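*Asks:* Contents of structure-v2.txt (compact mmCIF, C-alpha atoms) are given next:
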```
# COMPACT_ATOMS: atom_id res chain seq x y z
CA MET H 206 86.05 90.88 113.80
CA LYS H 207 85.60 88.89 110.65
CA ASN H 208 86.42 90.84 107.51
CA ILE H 209 83.59 91.56 105.14
CA LYS H 210 84.73 90.65 101.67
CA LEU H 211 84.29 93.25 99.00
CA LEU H 212 81.72 92.77 96.31
CA LEU H 213 84.70 93.13 94.02
CA THR H 214 85.47 89.44 94.30
CA LEU H 215 82.03 88.61 92.98
CA ILE H 216 81.87 91.07 90.15
CA ILE H 217 85.08 89.90 88.49
CA LEU H 218 83.53 86.49 87.91
CA SER H 219 82.53 87.05 84.31
CA SER H 220 79.48 85.37 82.85
CA PHE H 221 81.38 84.46 79.72
CA SER H 222 83.80 81.66 78.93
CA VAL H 223 87.47 82.54 78.87
CA THR H 224 87.75 80.49 75.71
CA ALA H 225 86.12 83.40 73.89
CA GLN H 226 89.11 85.58 74.61
CA ASN H 227 91.65 86.07 71.87
CA LYS H 228 94.61 88.22 70.93
CA SER H 229 92.42 91.18 69.96
CA THR H 230 90.71 91.27 73.37
CA GLU H 231 93.92 90.87 75.38
CA LYS H 232 94.31 94.55 76.29
CA ALA H 233 90.66 94.99 77.25
CA ASP H 234 90.64 91.73 79.19
CA LYS H 235 93.63 92.83 81.26
CA HIS H 236 91.85 96.04 82.24
CA PHE H 237 88.72 94.07 83.11
CA ALA H 238 90.64 91.55 85.22
CA LYS H 239 92.23 94.42 87.15
CA LEU H 240 88.78 95.94 87.77
CA GLN H 241 89.63 98.94 85.58
CA PHE H 242 86.16 99.02 84.09
CA VAL H 243 86.29 102.48 82.49
CA GLU H 244 89.38 101.59 80.49
CA ALA H 245 88.03 98.12 79.77
CA ALA H 246 84.83 99.58 78.32
CA GLU H 247 86.83 101.95 76.12
CA ALA H 248 89.03 99.11 74.86
CA TYR H 249 86.11 96.78 74.08
CA ALA H 250 84.29 99.66 72.35
CA LYS H 251 87.29 100.14 70.03
CA LEU H 252 86.93 96.52 68.94
CA VAL H 253 83.31 97.21 68.07
CA ASP H 254 84.36 100.24 66.01
CA LYS H 255 86.90 98.09 64.16
CA GLY H 256 84.28 95.46 63.36
CA GLU H 257 86.10 92.89 65.52
CA ALA H 258 83.36 92.34 68.09
CA ASP H 259 81.56 89.10 68.85
CA ALA H 260 79.20 87.87 71.56
CA TYR H 261 82.07 87.77 74.06
CA VAL H 262 83.04 91.40 73.40
CA TYR H 263 79.43 92.58 73.59
CA GLY H 264 79.00 90.74 76.87
CA GLN H 265 82.19 92.11 78.40
CA LEU H 266 81.29 95.60 77.21
CA ALA H 267 77.91 95.26 78.90
CA GLU H 268 79.52 94.00 82.12
CA ALA H 269 82.06 96.82 82.22
CA ASN H 270 79.36 99.45 81.80
CA TYR H 271 77.16 97.68 84.36
CA ASN H 272 79.95 97.88 86.93
CA ILE H 273 80.31 101.65 86.51
CA PHE H 274 76.52 102.03 86.35
CA ASN H 275 76.48 103.42 82.85
CA THR H 276 72.94 102.14 82.49
CA VAL H 277 72.28 103.32 78.92
CA ASP H 278 75.34 101.64 77.40
CA ALA H 279 74.96 98.57 79.61
CA GLU H 280 71.39 98.12 78.36
CA LYS H 281 72.52 98.53 74.76
CA TRP H 282 75.28 95.93 74.94
CA TYR H 283 73.33 93.40 77.00
CA ALA H 284 70.65 93.49 74.31
CA LYS H 285 73.31 92.90 71.64
CA ALA H 286 74.99 90.09 73.57
CA LEU H 287 71.67 88.33 74.24
CA GLU H 288 71.07 88.03 70.52
CA SER H 289 73.38 85.00 70.62
CA SER H 290 73.49 84.11 74.33
CA THR H 291 71.11 82.59 76.82
CA ASP H 292 73.20 83.37 79.90
CA PRO H 293 70.69 83.80 82.77
CA GLU H 294 72.78 86.21 84.84
CA MET H 295 73.22 88.44 81.83
CA ARG H 296 69.45 88.46 81.26
CA PHE H 297 68.85 89.38 84.89
CA LYS H 298 71.29 92.29 84.68
CA TYR H 299 69.70 93.37 81.40
CA SER H 300 66.35 93.58 83.18
CA GLU H 301 67.99 95.67 85.91
CA MET H 302 69.38 98.14 83.40
CA LEU H 303 66.02 98.42 81.62
CA LYS H 304 64.42 99.12 84.98
CA ALA H 305 67.08 101.71 85.84
CA ASN H 306 66.33 103.44 82.55
CA GLY H 307 62.61 103.59 83.30
CA LYS H 308 61.60 100.84 80.85
CA TYR H 309 59.52 98.90 83.33
CA ASP H 310 57.42 96.81 80.92
CA ALA H 311 60.50 95.71 78.98
CA SER H 312 62.27 94.93 82.25
CA ASN H 313 59.36 92.74 83.36
CA GLN H 314 59.44 90.90 80.04
CA GLN H 315 63.09 90.02 80.58
CA MET H 316 62.39 88.96 84.16
CA GLN H 317 59.60 86.70 82.93
CA LYS H 318 62.13 84.99 80.64
CA PHE H 319 64.65 84.82 83.47
CA ALA H 320 62.09 83.29 85.84
CA ALA H 321 60.91 80.77 83.25
CA ALA H 322 64.46 79.54 82.72
CA ASN H 323 65.44 79.68 86.41
CA PRO H 324 62.31 78.93 88.49
CA SER H 325 64.32 77.94 91.58
CA ASP H 326 66.27 81.21 91.71
CA GLU H 327 65.19 83.31 94.71
CA ARG H 328 65.11 86.46 92.53
CA ALA H 329 62.75 84.71 90.13
CA LYS H 330 60.50 83.61 92.99
CA ALA H 331 60.39 87.14 94.41
CA PHE H 332 59.48 88.58 91.01
CA LEU H 333 56.76 86.05 90.28
CA ALA H 334 55.26 86.63 93.71
CA ASN H 335 54.73 90.32 92.90
CA PRO H 336 55.67 91.17 89.29
CA ASN H 337 53.97 94.59 89.41
CA TYR H 338 55.61 95.85 92.58
CA LEU H 339 57.05 98.87 90.78
CA ASN H 340 53.61 100.00 89.64
CA ASP H 341 52.39 99.65 93.22
CA ILE H 342 55.23 101.86 94.46
CA LEU H 343 54.82 104.46 91.72
CA ALA H 344 51.06 104.63 92.29
CA LYS H 345 51.46 105.60 95.93
CA GLU H 346 51.33 109.22 96.97
CA GLU H 347 54.77 110.79 97.27
CA LYS H 348 55.77 111.11 100.89
CA TYR H 349 59.16 112.71 100.35
CA THR H 350 60.65 115.39 98.16
CA ALA H 351 64.19 114.77 96.91
CA LYS H 352 66.36 117.86 96.63
CA ASN H 353 69.92 118.16 95.37
CA LEU H 354 72.00 119.78 98.13
CA GLU H 355 74.32 122.61 97.22
CA PHE H 356 77.47 120.89 98.48
CA ASN H 357 77.12 117.85 96.21
CA SER H 358 79.96 117.34 93.76
CA GLU H 359 80.18 115.70 90.34
CA ALA H 360 82.02 112.80 91.96
CA SER H 361 80.47 110.06 94.09
CA ASP H 362 78.93 111.49 97.31
CA PHE H 363 77.03 109.12 99.60
CA GLY H 364 76.46 107.73 103.07
CA GLY H 365 75.29 110.79 104.99
CA THR H 366 75.16 110.41 108.79
CA LEU H 367 73.95 113.20 111.11
CA LYS H 368 75.43 113.47 114.60
CA ASP H 369 75.43 116.41 117.01
CA GLY H 370 74.69 119.02 114.35
CA LYS H 371 77.23 117.70 111.86
CA LEU H 372 76.76 115.76 108.66
CA TYR H 373 79.38 113.13 107.82
CA PHE H 374 79.53 111.67 104.33
CA THR H 375 81.83 109.81 101.95
CA SER H 376 83.09 111.44 98.76
CA ALA H 377 85.47 110.92 95.84
CA ARG H 378 85.95 114.68 95.40
CA ASN H 379 89.51 114.82 96.77
CA ASP H 380 91.61 115.47 93.66
CA SER H 381 94.82 115.12 95.67
CA ARG H 382 94.16 111.38 95.86
CA ARG H 383 95.24 108.99 93.13
CA THR H 384 92.59 107.72 90.76
CA TYR H 385 90.71 104.50 91.42
CA GLY H 386 90.72 102.31 88.30
CA TRP H 387 87.19 101.00 88.80
CA ASN H 388 85.50 104.29 87.94
CA ASP H 389 88.38 106.75 87.28
CA GLN H 390 87.48 108.80 90.35
CA PRO H 391 89.75 109.63 93.30
CA PHE H 392 89.88 107.27 96.27
CA LEU H 393 87.15 107.89 98.85
CA ASP H 394 87.51 110.09 101.93
CA ILE H 395 85.22 111.01 104.80
CA TYR H 396 84.03 114.63 104.99
CA GLU H 397 82.17 116.63 107.63
CA LEU H 398 80.16 119.82 107.60
CA THR H 399 77.98 121.72 110.05
CA LEU H 400 74.22 121.91 109.79
CA ALA H 401 72.98 125.35 110.88
CA GLU H 402 69.66 125.97 112.62
CA ASP H 403 68.25 127.57 109.48
CA GLY H 404 68.90 124.37 107.53
CA THR H 405 71.96 125.61 105.61
CA TYR H 406 75.25 123.77 105.51
CA SER H 407 78.83 124.92 105.93
CA GLU H 408 81.54 124.10 103.39
CA PRO H 409 82.53 120.40 103.56
CA ASN H 410 85.99 119.63 104.93
CA LEU H 411 87.99 116.46 105.39
CA ILE H 412 87.22 115.01 108.80
CA LYS H 413 89.75 115.93 111.47
CA GLY H 414 92.10 113.35 112.95
CA LYS H 415 94.01 110.43 111.46
CA ILE H 416 91.02 108.95 109.68
CA ASN H 417 91.54 109.45 105.94
CA THR H 418 94.38 107.71 104.13
CA LYS H 419 95.42 107.31 100.49
CA TYR H 420 93.08 104.31 100.34
CA HIS H 421 89.28 104.11 100.58
CA GLU H 422 87.50 105.19 103.76
CA GLY H 423 83.76 104.85 103.82
CA ILE H 424 80.50 104.93 105.71
CA VAL H 425 80.60 106.11 109.33
CA SER H 426 78.45 105.37 112.37
CA PHE H 427 78.56 106.60 115.95
CA SER H 428 78.06 105.27 119.43
CA PRO H 429 75.03 106.80 121.19
CA ASP H 430 77.19 109.26 123.17
CA GLY H 431 78.98 110.37 120.00
CA ASN H 432 82.44 109.73 121.41
CA THR H 433 83.26 106.71 119.27
CA MET H 434 83.07 106.64 115.50
CA TYR H 435 83.10 103.43 113.52
CA PHE H 436 84.16 103.51 109.88
CA SER H 437 85.29 101.22 107.07
CA ARG H 438 88.71 101.26 105.49
CA GLU H 439 90.35 99.32 102.71
CA SER H 440 92.73 96.62 103.93
CA PHE H 441 95.58 97.78 101.66
CA PHE H 442 96.31 100.26 104.46
CA ASP H 443 97.56 97.30 106.56
CA ASN H 444 99.15 95.63 103.52
CA MET H 445 96.46 92.95 103.62
CA TYR H 446 94.72 91.61 100.53
CA GLU H 447 93.49 88.56 98.73
CA LYS H 448 95.09 87.64 95.44
CA ASN H 449 93.50 86.30 92.30
CA GLU H 450 96.20 83.94 91.10
CA ASP H 451 94.77 83.72 87.57
CA THR H 452 94.99 87.46 86.94
CA ASN H 453 97.65 88.37 89.54
CA THR H 454 95.24 91.00 90.83
CA LYS H 455 95.27 92.08 94.48
CA LEU H 456 91.80 92.43 96.00
CA SER H 457 91.25 94.39 99.17
CA VAL H 458 88.79 93.49 101.89
CA ILE H 459 86.76 95.92 103.95
CA GLN H 460 87.84 96.28 107.56
CA LEU H 461 86.02 98.06 110.38
CA PHE H 462 87.87 100.58 112.53
CA LYS H 463 86.90 102.78 115.45
CA ALA H 464 88.15 106.22 116.41
CA THR H 465 87.74 107.85 119.81
CA LYS H 466 86.93 111.54 120.10
CA ASN H 467 89.59 113.75 121.67
CA GLY H 468 88.51 117.37 121.92
CA ASP H 469 87.22 118.31 118.46
CA THR H 470 89.19 115.60 116.61
```
Would you mind giving the structure from this file in structure tokens?

*Replies:*
Amino acid sequence: MKNIKLLLTLIILSSFSVTAQNKSTEKADKHFAKLQFVEAAEAYAKLVDKGEADAYVYGQLAEANYNIFNTVDAEKWYAKALESSTDPEMRFKYSEMLKANGKYDASNQQMQKFAAANPSDERAKAFLANPNYLNDILAKEEKYTAKNLEFNSEASDFGGTLKDGKLYFTSARNDSRRTYGWNDQPFLDIYELTLAEDGTYSEPNLIKGKINTKYHEGIVSFSPDGNTMYFSRESFFDNMYEKNEDTNTKLSVIQLFKATKNGDT
């Protein structure tokens, strides 16, 4: 099966010219190139505190915060960078962060500028076709009630799949794993818990069997009979990767695996 390349390879393509890099940004740039966005953001922020920031630093600081979904800081630094830049991708991401922070009118204003400068972009076409889609969604009667479940952690928890009375989900809560440089959280594992008839959940546990490794494991899916589970795993497990020759950074790809049920494992 053809490997599905990680979005990582796209995100590291910065919107800013490498010629803007200099000796003062070297440390931060190395973190950014290695996809260590938390440390990169901290390093770029120190340059701002020292009064050594320019449009490049503001842009990189915005990108680093965008990649860890720190929407407030990403919005702040995109606005600063756009004071002296007309980069269209940066303006699009700025509109996304404004939207994420609930500033819908301001987000639409940025998208109008983006669309005017990039009329052939499919995102611009979609926006112009229905610029008030958010208002249409918000105006509709709520059909669902979101509730925070008691077993959620402060780390990333996502990808819930129900099968035969059990809930399977992906989490970065396993403190025995090493830390992932992208967001300074542990590598992802797959957990399972039991859903009782009264709607309560048991304590989450690592899924049984040889599924989780020291690398990322992710979203799961099942065959209709429940005897085969499909899941994603990072290719570093098989010592496979793509390499960015410019930064000497190894980039994993996502591979699909299947596991066959044997008893309760």

*Asks:* Would you please work out which residue, of H:Tyr249, H:Phe363, H:Phe319, H:Phe427, is nearest to Pro293 in chain H when using all atoms listed in the file?

*Replies:*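 Comparing H:Tyr249, H:Phe363, H:Phe319, H:Phe427 against Pro293 in chain H, the winner is H:Phe319.
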
*Asks:* Considering all atoms listed in the file, state which residue in the set H:Asp259, H:Asp292, H:Asp362, H:Asp469 is at the smallest distance from Lys413 in chain H.

*Replies:*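 Checking each candidate against Lys413 in chain H, we get H:Asp469 as the closest.
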
*Asks:* Neighbouring residues of Gly404 in chain H were defined as those with any atom within 12 Å, considering all atoms listed in the file; residues of the same chain fewer than 6 positions away were excluded. Please report them as an MDAnalysis selection string.

*Replies:* chainID H and resid 354:355 370:372

*Asks:* If I take CA of Leu333 in chain H and CA of Leu303 in chain H, how far is one from the other in Å, to one decimal?

*Replies:*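 Those two atoms sit 17.7 Å apart.
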
*Asks:* Figure out the distance between CA of Asp369 in chain H and CA of Glu402 in chain H, please, to one decimal in Å.

*Replies:* 12.0 Å

*Asks:* Excluding Leu411 in chain H and any residue of its chain fewer than 2 positions from it, enumerate the residues within 12 Å of it, using only C-alpha atoms, and give them as a PyMOL selection string.

*Replies:* chain H and resi 372-379+381+393-398+408-409+413-418+422+470

*Asks:* For the residues in the current selection, export C-alpha atoms as a compact mmCIF listing (two decimals), in the frame of the given file.

*Replies:*
```txt
# COMPACT_ATOMS: atom_id res chain seq x y z
CA LEU H 372 76.76 115.76 108.66
CA TYR H 373 79.38 113.13 107.82
CA PHE H 374 79.53 111.67 104.33
CA THR H 375 81.83 109.81 101.95
CA SER H 376 83.09 111.44 98.76
CA ALA H 377 85.47 110.92 95.84
CA ARG H 378 85.95 114.68 95.40
CA ASN H 379 89.51 114.82 96.77
CA SER H 381 94.82 115.12 95.67
CA LEU H 393 87.15 107.89 98.85
CA ASP H 394 87.51 110.09 101.93
CA ILE H 395 85.22 111.01 104.80
CA TYR H 396 84.03 114.63 104.99
CA GLU H 397 82.17 116.63 107.63
CA LEU H 398 80.16 119.82 107.60
CA GLU H 408 81.54 124.10 103.39
CA PRO H 409 82.53 120.40 103.56
CA LYS H 413 89.75 115.93 111.47
CA GLY H 414 92.10 113.35 112.95
CA LYS H 415 94.01 110.43 111.46
CA ILE H 416 91.02 108.95 109.68
CA ASN H 417 91.54 109.45 105.94
CA THR H 418 94.38 107.71 104.13
CA GLU H 422 87.50 105.19 103.76
CA THR H 470 89.19 115.60 116.61
```

*Asks:* Using CA of Ser289 in chain H and CA of Pro336 in chain H as the two end points, give the distance in Å to one decimal.

*Replies:* 26.5 Å

*Asks:* I'd like a table as a Markdown table: residues in range 231-306 of chain H with an atom no more than 12 Å from range 310-313 of chain H, each row giving the shortest atom pair and its distance in Å to one decimal, only C-alpha atoms counted, sorted by chain and rising residue number.

*Replies:*
```
| residue | atom | partner | partner_atom | distance |
| --- | --- | --- | --- | --- |
| H:Glu280 | CA | H:Ser312 | CA | 10.4 |
| H:Ala284 | CA | H:Ala311 | CA | 11.4 |
| H:Arg296 | CA | H:Ser312 | CA | 9.7 |
| H:Phe297 | CA | H:Ser312 | CA | 9.0 |
| H:Lys298 | CA | H:Ser312 | CA | 9.7 |
| H:Tyr299 | CA | H:Ser312 | CA | 7.6 |
| H:Ser300 | CA | H:Ser312 | CA | 4.4 |
| H:Glu301 | CA | H:Ser312 | CA | 6.8 |
| H:Met302 | CA | H:Ser312 | CA | 7.9 |
| H:Leu303 | CA | H:Ser312 | CA | 5.2 |
| H:Lys304 | CA | H:Ser312 | CA | 5.4 |
| H:Ala305 | CA | H:Ser312 | CA | 9.1 |
| H:Asn306 | CA | H:Ser312 | CA | 9.4 |
```

*Asks:* Axis-aligned box over every listed atom of range 301-320 of chain H, padded by 3 Å per side: centre and edges in Å to one decimal, as JSON?

*Replies:*
```
{"center_x": 63.4, "center_y": 93.4, "center_z": 82.4, "size_x": 18.0, "size_y": 26.3, "size_z": 12.9}
```

*Asks:* Between H:Arg383, H:Arg438, H:Lys419, H:Lys232, which residue has the minimum interatomic distance to Leu461 in chain H, considering all atoms listed in the file?

*Replies:*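 Ranked by minimum distance to Leu461 in chain H, first place goes to H:Arg438.
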
*Asks:* Each residue of range 349-448 of chain H lying at most 10 Å from range 270-277 of chain H should get a row with its shortest atom-to-atom pair and the distance in Å to one decimal, counting only C-alpha atoms; could you produce that, ordered by chain and increasing number, as a tab-separated table?

*Replies:*
```
residue	atom	partner	partner_atom	distance
H:Trp387	CA	H:Ile273	CA	7.3
H:Asn388	CA	H:Ile273	CA	6.0
H:Asp389	CA	H:Ile273	CA	9.6
```

*Asks:* Give me the residues near His236 in chain H as a ChimeraX atom specification, where near means some atom within 9 Å (using only C-alpha atoms) and where sequence neighbours in that chain fewer than 5 positions away do not count.

*Replies:* /H:231,241-246,248,386
